[in-house]
>>> print(open('entry_39.cif').read())   # mmCIF, C-alpha atoms
data_coords
loop_
_atom_site.label_atom_id
_atom_site.label_comp_id
_atom_site.auth_asym_id
_atom_site.auth_seq_id
_atom_site.Cartn_x
_atom_site.Cartn_y
_atom_site.Cartn_z
CA MET A 1 -1.14 -18.85 -19.83
CA ARG A 2 -1.98 -16.41 -17.06
CA VAL A 3 -1.90 -16.87 -13.30
CA LEU A 4 -3.87 -14.64 -10.93
CA ILE A 5 -2.46 -14.58 -7.41
CA VAL A 6 -4.80 -12.95 -4.90
CA ALA A 7 -3.26 -12.07 -1.54
CA ALA A 8 -4.78 -10.88 1.73
CA GLY A 9 -4.44 -7.10 1.30
CA PRO A 10 -7.39 -4.75 1.85
CA VAL A 11 -10.22 -5.50 -0.57
CA GLU A 12 -10.64 -1.80 -1.37
CA ASP A 13 -7.32 -1.90 -3.26
CA VAL A 14 -8.31 -4.93 -5.35
CA PRO A 15 -9.91 -4.24 -8.75
CA THR A 16 -12.72 -6.33 -10.19
CA LEU A 17 -10.92 -9.54 -11.06
CA ALA A 18 -13.27 -11.09 -13.63
CA PRO A 19 -11.89 -9.02 -16.58
CA PHE A 20 -8.43 -10.46 -15.89
CA VAL A 21 -9.65 -14.07 -16.20
CA LYS A 22 -9.03 -15.55 -19.64
CA ASP A 23 -9.50 -19.03 -21.10
CA LYS A 24 -6.25 -20.38 -19.72
CA THR A 25 -6.06 -18.80 -16.28
CA MET A 26 -5.02 -20.37 -13.00
CA ILE A 27 -6.25 -18.63 -9.85
CA ILE A 28 -4.26 -18.95 -6.63
CA GLY A 29 -5.81 -17.76 -3.37
CA VAL A 30 -3.23 -16.70 -0.81
CA ASP A 31 -4.57 -17.04 2.74
CA GLY A 32 -7.04 -14.17 3.31
CA GLY A 33 -7.11 -13.48 -0.42
CA ILE A 34 -9.54 -16.39 -0.65
CA ALA A 35 -12.15 -14.20 1.07
CA THR A 36 -11.66 -11.60 -1.67
CA LEU A 37 -12.19 -14.25 -4.34
CA VAL A 38 -15.33 -15.49 -2.62
CA GLU A 39 -16.64 -11.93 -2.32
CA GLN A 40 -16.13 -11.45 -6.07
CA GLY A 41 -17.74 -14.79 -6.92
CA LEU A 42 -14.59 -16.44 -8.28
CA ASP A 43 -13.35 -19.96 -7.65
CA PHE A 44 -9.69 -20.71 -7.03
CA ASP A 45 -7.60 -23.57 -8.35
CA VAL A 46 -5.11 -23.59 -5.48
CA ALA A 47 -5.08 -22.20 -1.93
CA ILE A 48 -1.70 -21.49 -0.32
CA GLY A 49 -0.64 -20.14 3.07
CA ASP A 50 -0.69 -20.60 6.79
CA PHE A 51 -4.33 -19.39 6.72
CA ASP A 52 -4.03 -17.31 9.86
CA SER A 53 -5.79 -14.43 8.10
CA LEU A 54 -8.54 -16.60 6.62
CA GLY A 55 -9.17 -18.50 9.84
CA TYR A 56 -9.63 -21.94 8.29
CA VAL A 57 -7.86 -24.25 5.84
CA PRO A 58 -9.80 -24.64 2.57
CA ASP A 59 -10.28 -28.13 1.17
CA GLY A 60 -7.10 -29.12 -0.59
CA GLY A 61 -5.26 -26.06 0.70
CA LEU A 62 -1.45 -26.18 0.71
CA LEU A 63 -0.87 -25.50 4.39
CA HIS A 64 2.40 -23.94 5.53
CA PRO A 65 3.49 -23.22 9.11
CA ALA A 66 2.93 -19.72 10.47
CA GLU A 67 6.59 -19.52 11.51
CA LYS A 68 8.53 -19.73 8.25
CA ASP A 69 11.20 -17.94 6.24
CA GLU A 70 8.94 -16.85 3.37
CA THR A 71 5.71 -14.91 3.21
CA ASP A 72 2.61 -16.65 1.90
CA LEU A 73 2.81 -14.55 -1.25
CA GLU A 74 6.40 -15.61 -1.93
CA LEU A 75 5.37 -19.25 -1.53
CA ALA A 76 2.52 -18.69 -3.98
CA LEU A 77 4.85 -17.10 -6.53
CA ARG A 78 7.25 -20.02 -6.24
CA TYR A 79 4.40 -22.44 -6.73
CA ALA A 80 3.18 -20.52 -9.78
CA THR A 81 6.59 -20.47 -11.44
CA GLU A 82 7.02 -24.20 -10.82
CA GLN A 83 3.56 -25.20 -12.04
CA ALA A 84 3.18 -22.71 -14.89
CA ALA A 85 6.66 -21.86 -16.13
CA GLY A 86 6.63 -18.90 -18.49
CA ALA A 87 3.12 -17.81 -17.54
CA GLU A 88 2.11 -14.20 -17.01
CA LEU A 89 1.76 -13.63 -13.25
CA LEU A 90 -0.63 -10.96 -11.95
CA ILE A 91 -0.59 -10.22 -8.22
CA PHE A 92 -3.58 -8.64 -6.46
CA GLY A 93 -4.21 -7.77 -2.81
CA ALA A 94 -0.54 -7.14 -2.10
CA THR A 95 -0.72 -3.46 -1.11
CA GLY A 96 -2.58 -1.12 1.20
CA GLY A 97 -2.08 -2.90 4.49
CA ARG A 98 1.09 -2.90 6.58
CA LEU A 99 3.81 -0.80 4.97
CA ASP A 100 6.52 -3.42 5.58
CA MET A 101 4.46 -6.05 3.80
CA THR A 102 3.60 -3.71 0.94
CA LEU A 103 7.25 -2.83 0.38
CA GLN A 104 8.31 -6.47 0.58
CA ASN A 105 5.61 -7.46 -1.89
CA VAL A 106 6.81 -4.81 -4.35
CA TYR A 107 10.40 -5.99 -3.96
CA LEU A 108 9.30 -9.56 -4.71
CA LEU A 109 9.02 -8.40 -8.32
CA LYS A 110 12.82 -8.39 -8.47
CA GLN A 111 12.87 -12.09 -7.58
CA PHE A 112 9.95 -12.83 -9.92
CA PRO A 113 10.40 -10.39 -12.84
CA MET A 114 7.69 -12.11 -14.90
CA ALA A 115 5.13 -10.88 -12.36
CA ARG A 116 3.14 -7.65 -12.23
CA LEU A 117 1.50 -6.17 -9.16
CA VAL A 118 -1.95 -4.72 -9.95
CA THR A 119 -4.16 -2.45 -7.82
CA LYS A 120 -7.21 -0.34 -8.66
CA ARG A 121 -4.87 2.52 -9.63
CA GLU A 122 -1.48 1.02 -10.48
CA ASP A 123 0.32 -1.61 -12.49
CA VAL A 124 3.86 -2.24 -11.17
CA ARG A 125 6.65 -4.25 -12.77
CA TYR A 126 10.42 -4.67 -12.47
CA TRP A 127 12.89 -4.08 -15.31
CA LYS A 128 16.62 -4.72 -15.38
CA THR A 129 19.07 -3.75 -18.12
CA GLY A 130 17.45 -4.12 -21.54
CA GLN A 131 15.04 -2.62 -24.09
CA TYR A 132 11.29 -2.53 -23.53
CA GLU A 133 8.05 -1.18 -24.98
CA LEU A 134 4.99 -0.28 -22.91
CA ALA A 135 1.61 1.04 -24.05
CA SER A 136 -0.58 3.17 -21.80
CA GLU A 137 -3.64 0.85 -21.96
CA GLY A 138 -5.72 3.56 -20.29
CA TYR A 139 -3.17 4.55 -17.64
CA HIS A 140 -2.23 8.24 -17.42
CA TYR A 141 1.16 8.42 -15.68
CA LEU A 142 4.33 6.43 -16.28
CA SER A 143 7.00 6.46 -13.57
CA PHE A 144 10.39 4.82 -13.11
CA ILE A 145 11.72 4.30 -9.59
CA PRO A 146 15.38 3.21 -9.60
CA LEU A 147 16.38 0.55 -7.10
CA VAL A 148 20.06 1.31 -7.72
CA PRO A 149 21.70 4.24 -9.54
CA SER A 150 20.45 3.76 -13.11
CA ASN A 151 20.69 5.18 -16.60
CA LEU A 152 17.61 5.45 -18.85
CA THR A 153 16.64 6.35 -22.39
CA LEU A 154 12.94 7.20 -22.80
CA ARG A 155 11.05 7.69 -26.09
CA GLY A 156 7.33 7.94 -26.87
CA VAL A 157 6.78 9.98 -23.71
CA LYS A 158 6.15 13.63 -22.92
CA TYR A 159 9.52 14.01 -21.21
CA PRO A 160 12.12 11.99 -23.16
CA LEU A 161 15.61 11.19 -21.93
CA THR A 162 18.76 9.98 -23.65
CA GLU A 163 21.14 7.84 -21.61
CA HIS A 164 20.36 9.97 -18.59
CA PRO A 165 21.61 9.08 -15.09
CA VAL A 166 18.79 8.53 -12.61
CA PRO A 167 19.84 8.44 -8.95
CA VAL A 168 18.09 6.56 -6.20
CA GLY A 169 15.74 8.96 -4.42
CA GLY A 170 15.47 11.47 -7.26
CA SER A 171 12.11 12.49 -8.71
CA LEU A 172 13.11 13.16 -12.33
CA THR A 173 11.39 10.05 -13.70
CA VAL A 174 8.12 10.28 -11.75
CA SER A 175 4.81 11.20 -13.48
CA ASN A 176 5.82 11.05 -17.11
CA GLU A 177 3.04 10.67 -19.73
CA TRP A 178 2.65 8.84 -23.03
CA VAL A 179 2.68 10.43 -26.49
CA GLY A 180 2.77 7.00 -28.15
CA VAL A 181 4.05 3.59 -27.15
CA ALA A 182 6.81 4.18 -24.61
CA GLN A 183 10.16 2.84 -25.76
CA VAL A 184 12.50 2.40 -22.83
CA THR A 185 16.10 1.35 -22.58
CA VAL A 186 17.50 0.58 -19.16
CA VAL A 187 21.11 1.26 -20.07
CA GLU A 188 22.29 0.51 -16.55
CA GLY A 189 20.61 -0.40 -13.31
CA GLU A 190 17.23 -1.69 -12.16
CA VAL A 191 13.90 0.13 -11.99
CA LEU A 192 10.36 -0.34 -10.81
CA VAL A 193 7.96 0.72 -13.56
CA LEU A 194 4.58 2.09 -12.54
CA ARG A 195 1.59 2.84 -14.73
CA THR A 196 -0.92 4.90 -12.73
CA HIS A 197 -4.46 6.10 -13.35
CA GLU A 198 -5.02 9.83 -12.92
CA LYS A 199 -8.00 9.29 -10.59
#
>>> encode(input="entry_39.cif", output="structure tokens")
Amino acid sequence: MRVLIVAAGPVEDVPTLAPFVKDKTMIIGVDGGIATLVEQGLDFDVAIGDFDSLGYVPDGGLLHPAEKDETDLELALRYATEQAAGAELLIFGATGGRLDMTLQNVYLLKQFPMARLVTKREDVRYWKTGQYELASEGYHYLSFIPLVPSNLTLRGVKYPLTEHPVPVGGSLTVSNEWVGVAQVTVVEGEVLVLRTHEK
């Protein structure tokens, strides 16, 4: 199963959503993200938020107070994991607005590692210690941004590494490219993984 979570970020950063909708797909509109869904002609299964951005509460909307300890997106992710355990979670409309909100939305991936954040240009995910494979699927660049001092082994990429330390704030693992399916071992640490289109 797949869950699409559409938040209230600028619509210019949101790709066309219809290709992401499969047979078993739940769509969650998060506050102003409902306007994006309406603009793209898509219905939603659930509406979540305080709806201050949208300006009205949709029928059946799960209304939360404006003054709360979680963002609307975090509430939507919690709902998705409770209602569709094990589902693939794709987040849209979570970047491009306020920088604090964008950064927080990216860091939510650590709390919800089954989720991916998708924009017109990027696909972002969180990996902790373990072995992974990742195909390009049309993306050009592959970058790893460590959240803590990390150690990576990279294969199937233009610039391979073998158990190489990667410090926080370094640029060694930015803008790699595929030469096959990337095989990645996070020997130590935690990284954000970004696939990015060239243009």
>>> residues_around(input="entry_39.cif", residues="Leu89 in chain A", least_positions_apart="6", cutoff="9 Å", atoms="all atoms listed in the file", output="list of chain:residue names")
A:Met1, A:Arg2, A:Val3, A:Leu4, A:Ile5, A:Leu77, A:Ala80, A:Thr81, A:Phe112, A:Met114, A:Ala115, A:Arg116, A:Leu117
>>> atom_distance(input="entry_39.cif", atom1="CA of Tyr126 in chain A", atom2="CA of Arg155 in chain A")
18.4 Å
>>> resolve_selection(input="entry_39.cif", expression="the PyMOL selection byres ((chain A and resi 168) around 10)", output="MDAnalysis selection string")
chainID A and resid 145:150 165:167 169:171 191
>>> axis_aligned_box(input="entry_39.cif", around="range 128-132 of chain A", padding_each_side="5 Å", output="AutoDock Vina command-line options")
--center_x 15.2 --center_y -3.6 --center_z -19.7 --size_x 17.8 --size_y 12.2 --size_z 18.7
>>> resolve_selection(input="entry_39.cif", expression="the PyMOL selection byres ((chain A and resi 50-59) around 8)", output="ChimeraX atom specification")
/A:8,31-35,47-49,60-61,63-66,72
>>> atom_distance(input="entry_39.cif", atom1="CA of Val181 in chain A", atom2="CA of Thr16 in chain A")
25.8 Å
>>> resolve_selection(input="entry_39.cif", expression="the PyMOL selection byres ((chain A and resi 18) around 9)", output="list in words")
Thr16, Leu17, Pro19, Phe20, Val21, Lys22, Gln40, Gly41 and Leu42 of chain A
>>> residues_around(input="entry_39.cif", residues="Arg121 in chain A", least_positions_apart="3", cutoff="9 Å", atoms="only C-alpha atoms", output="ChimeraX atom specification")
/A:13,15,118,139,195-199
>>> write_last_selection(input="entry_39.cif", atoms="C-alpha atoms", output="mmCIF file, keeping the file's coordinate frame")
data_model
loop_
_atom_site.group_PDB
_atom_site.id
_atom_site.type_symbol
_atom_site.label_atom_id
_atom_site.label_comp_id
_atom_site.auth_asym_id
_atom_site.auth_seq_id
_atom_site.Cartn_x
_atom_site.Cartn_y
_atom_site.Cartn_z
ATOM 1 C CA ASP A 13 -7.320 -1.900 -3.260
ATOM 2 C CA PRO A 15 -9.910 -4.240 -8.750
ATOM 3 C CA VAL A 118 -1.950 -4.720 -9.950
ATOM 4 C CA TYR A 139 -3.170 4.550 -17.640
ATOM 5 C CA ARG A 195 1.590 2.840 -14.730
ATOM 6 C CA THR A 196 -0.920 4.900 -12.730
ATOM 7 C CA HIS A 197 -4.460 6.100 -13.350
ATOM 8 C CA GLU A 198 -5.020 9.830 -12.920
ATOM 9 C CA LYS A 199 -8.000 9.290 -10.590
#
>>> atom_distance(input="entry_39.cif", atom1="CA of Ser175 in chain A", atom2="CA of Tyr107 in chain A")
20.4 Å
>>> residues_around(input="entry_39.cif", residues="Asn151 in chain A", least_positions_apart="4", cutoff="7 Å", atoms="only C-alpha atoms", output="list in words")
Glu163, His164, Pro165, Val166, Val186, Val187, Glu188 and Gly189 of chain A
>>> closest_residue(input="entry_39.cif", among="A:Asp123, A:Val157, A:Leu152, A:Val184", to="Gly138 in chain A", atoms="all atoms listed in the file")
A:Asp123
>>> closest_residue(input="entry_39.cif", among="A:Thr185, A:Ser143, A:Lys120, A:Leu90", to="Leu161 in chain A", atoms="all atoms listed in the file")
A:Thr185
>>> residues_around(input="entry_39.cif", residues="Val179 in chain A", least_positions_apart="2", cutoff="12 Å", atoms="all atoms listed in the file", output="list of chain:residue names")
A:Leu134, A:Ala135, A:Ser136, A:His140, A:Tyr141, A:Leu142, A:Leu154, A:Arg155, A:Gly156, A:Val157, A:Lys158, A:Tyr159, A:Pro160, A:Asn176, A:Glu177, A:Val181, A:Ala182, A:Gln183
>>> closest_residue(input="entry_39.cif", among="A:Ala87, A:Lys110, A:Val11, A:Thr119", to="Val38 in chain A", atoms="only C-alpha atoms")
A:Val11
>>> decode(input="entry_39.cif", residues="range 120-175 of chain A", atoms="C-alpha atoms", output="JSON list (two decimals), in the first residue's frame")
[["chain", "number", "residue", "atom", "x", "y", "z"],
["A", 120, "LYS", "CA", 9.85, 18.27, -8.56],
["A", 121, "ARG", "CA", 13.63, 17.83, -8.41],
["A", 122, "GLU", "CA", 14.43, 15.63, -5.40],
["A", 123, "ASP", "CA", 13.62, 12.42, -3.62],
["A", 124, "VAL", "CA", 14.85, 12.45, 0.01],
["A", 125, "ARG", "CA", 15.04, 9.56, 2.46],
["A", 126, "TYR", "CA", 16.73, 8.70, 5.76],
["A", 127, "TRP", "CA", 19.05, 5.73, 6.27],
["A", 128, "LYS", "CA", 20.61, 4.47, 9.48],
["A", 129, "THR", "CA", 23.22, 1.72, 9.84],
["A", 130, "GLY", "CA", 22.60, -1.05, 7.31],
["A", 131, "GLN", "CA", 22.91, -2.17, 3.69],
["A", 132, "TYR", "CA", 20.81, -0.65, 0.91],
["A", 133, "GLU", "CA", 20.36, -0.61, -2.87],
["A", 134, "LEU", "CA", 19.05, 2.35, -4.83],
["A", 135, "ALA", "CA", 18.44, 2.70, -8.58],
["A", 136, "SER", "CA", 18.59, 6.05, -10.34],
["A", 137, "GLU", "CA", 15.02, 5.87, -11.77],
["A", 138, "GLY", "CA", 15.80, 8.88, -13.95],
["A", 139, "TYR", "CA", 17.58, 10.95, -11.29],
["A", 140, "HIS", "CA", 21.07, 12.23, -12.13],
["A", 141, "TYR", "CA", 22.80, 12.97, -8.81],
["A", 142, "LEU", "CA", 23.03, 10.89, -5.65],
["A", 143, "SER", "CA", 24.09, 12.63, -2.44],
["A", 144, "PHE", "CA", 24.55, 11.56, 1.17],
["A", 145, "ILE", "CA", 24.28, 14.18, 3.91],
["A", 146, "PRO", "CA", 25.42, 12.83, 7.29],
["A", 147, "LEU", "CA", 23.39, 13.85, 10.32],
["A", 148, "VAL", "CA", 26.15, 12.61, 12.63],
["A", 149, "PRO", "CA", 29.75, 11.60, 11.85],
["A", 150, "SER", "CA", 29.27, 8.56, 9.60],
["A", 151, "ASN", "CA", 31.14, 5.89, 7.71],
["A", 152, "LEU", "CA", 30.03, 4.78, 4.23],
["A", 153, "THR", "CA", 30.82, 2.19, 1.59],
["A", 154, "LEU", "CA", 29.53, 3.09, -1.89],
["A", 155, "ARG", "CA", 29.44, 0.82, -4.96],
["A", 156, "GLY", "CA", 27.71, 1.17, -8.34],
["A", 157, "VAL", "CA", 28.54, 4.89, -8.39],
["A", 158, "LYS", "CA", 31.03, 7.08, -10.22],
["A", 159, "TYR", "CA", 32.92, 7.87, -7.02],
["A", 160, "PRO", "CA", 33.04, 4.71, -4.86],
["A", 161, "LEU", "CA", 34.12, 4.62, -1.23],
["A", 162, "THR", "CA", 35.17, 1.82, 1.10],
["A", 163, "GLU", "CA", 34.41, 2.25, 4.79],
["A", 164, "HIS", "CA", 35.20, 5.93, 4.46],
["A", 165, "PRO", "CA", 34.58, 8.41, 7.30],
["A", 166, "VAL", "CA", 32.15, 11.17, 6.34],
["A", 167, "PRO", "CA", 32.05, 14.14, 8.72],
["A", 168, "VAL", "CA", 29.08, 16.38, 9.32],
["A", 169, "GLY", "CA", 29.43, 19.45, 7.12],
["A", 170, "GLY", "CA", 31.81, 17.89, 4.59],
["A", 171, "SER", "CA", 31.02, 17.83, 0.88],
["A", 172, "LEU", "CA", 32.73, 14.57, -0.13],
["A", 173, "THR", "CA", 29.47, 12.67, -0.65],
["A", 174, "VAL", "CA", 27.52, 15.35, -2.53],
["A", 175, "SER", "CA", 26.72, 15.00, -6.27]]
